[in-house]
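Here's the structure, in structure tokens; my notes come after.
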Amino acid sequence: MQILYGAGGHTITGNTIILRGLDEGNWHMDGVQWYNEGSTFNFQSVIAHNFIYFNSKYSTSRGTGIYFTTGKGNRLLIYNNIIAMAMTASDGIDLIKGIGDGNLSARIFNNTVIMGSPISTTLNMVGLDTLVLENNIFINDSSASKEIAMINTTGIFYFASDYNQWYDRNRTWDNWNGTTGQSWPNWRNIGYDVHSNLGAVSFTNPWGTNISDYSLNHDSAGIDEGSYLSAFFKTDILGTTRPQGAAWDRGAIESLNDTIPKPSSK
């Protein structure tokens, strides 16, 4: 799906996008691609409730789940999306501000992003003036992955990240912040992800082809560990009301397993 040369203010919701095929020269495949999009009006664009999947063993393709490049002024609200991509080279969400009118801001909430390529990142953020990350599940599921996130905070006016689940199967934590790598303790000492966790979650069926495959199993990390974002939305990708337990779950699905009492930790 491609949007280009518009003024912004688009809404993309409720889609299942399954990418297939082989790389064709310089072409690459993205679930949702925005190019040279936006204006001084800084309209809000919404990307929500989408399932973007690529795990073809026959493909050598490059691509990204959500790709915003050479962007102009836009306010992006990205929530309740599942992005599962095992490609030769790919990023989960790639937002790059170009030289143009207006500012680029993004609020990224309750997404489940799982990447399987050894040269992929879950996030690549460049040139934003505002970025908020909350209640997301970010996973690098490769034995030889790159940085789990590349967030360039140079020139950023406001940046906040908290209540997320970060897991890199190959590393404890590796975020590349501009030109400086940040260890997990240093990252938290700066004030980011204070209530977030490192470590895996337990899905119903990792790398499954259905939305429900990415529901969190009972007692999984991420259940009841999110923050309340009802000012923005009140349901998950399946339309289930949040919360189903003591608090919001992380990720795109509010697990019905919340209703099962967890065993005492004593």
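Residues are named by chain letter and number: chains run A, B, ... in the order of the structure tokens, numbers start at 1 in each chain, and ligands are numbered from 1 in the order shown.
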Spatial neighbours of range 162-170 of chain A, 8 Å, only C-alpha atoms, chain gap at least 2 places, as a PyMOL selection string: chain A and resi 133-145+148+160+172-173+192-200+222+225-227+250
Per-residue DSSP, range 12-120 of chain A, filtered to strand (DSSP E or B), as a ChimeraX atom specification: /A:12-13,16-18,32-35,44-48,51-54,62-71,74-79,82-85,89-97,104-109,112-115
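Minimum atom-to-atom distance to Asp30 in chain A, evaluated using only C-alpha atoms, belongs to A:Gly65 out of A:Pro185, A:Gly9, A:Gly14, A:Gly65.
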Surrounding residues of Phe68 in chain A excluding itself and chain neighbours under 2 positions, 12 Å, only C-alpha atoms, as a PyMOL selection string: chain A and resi 1-5+8+30-38+45+47+63-66+70-76+78+91-98+104-106+123-128
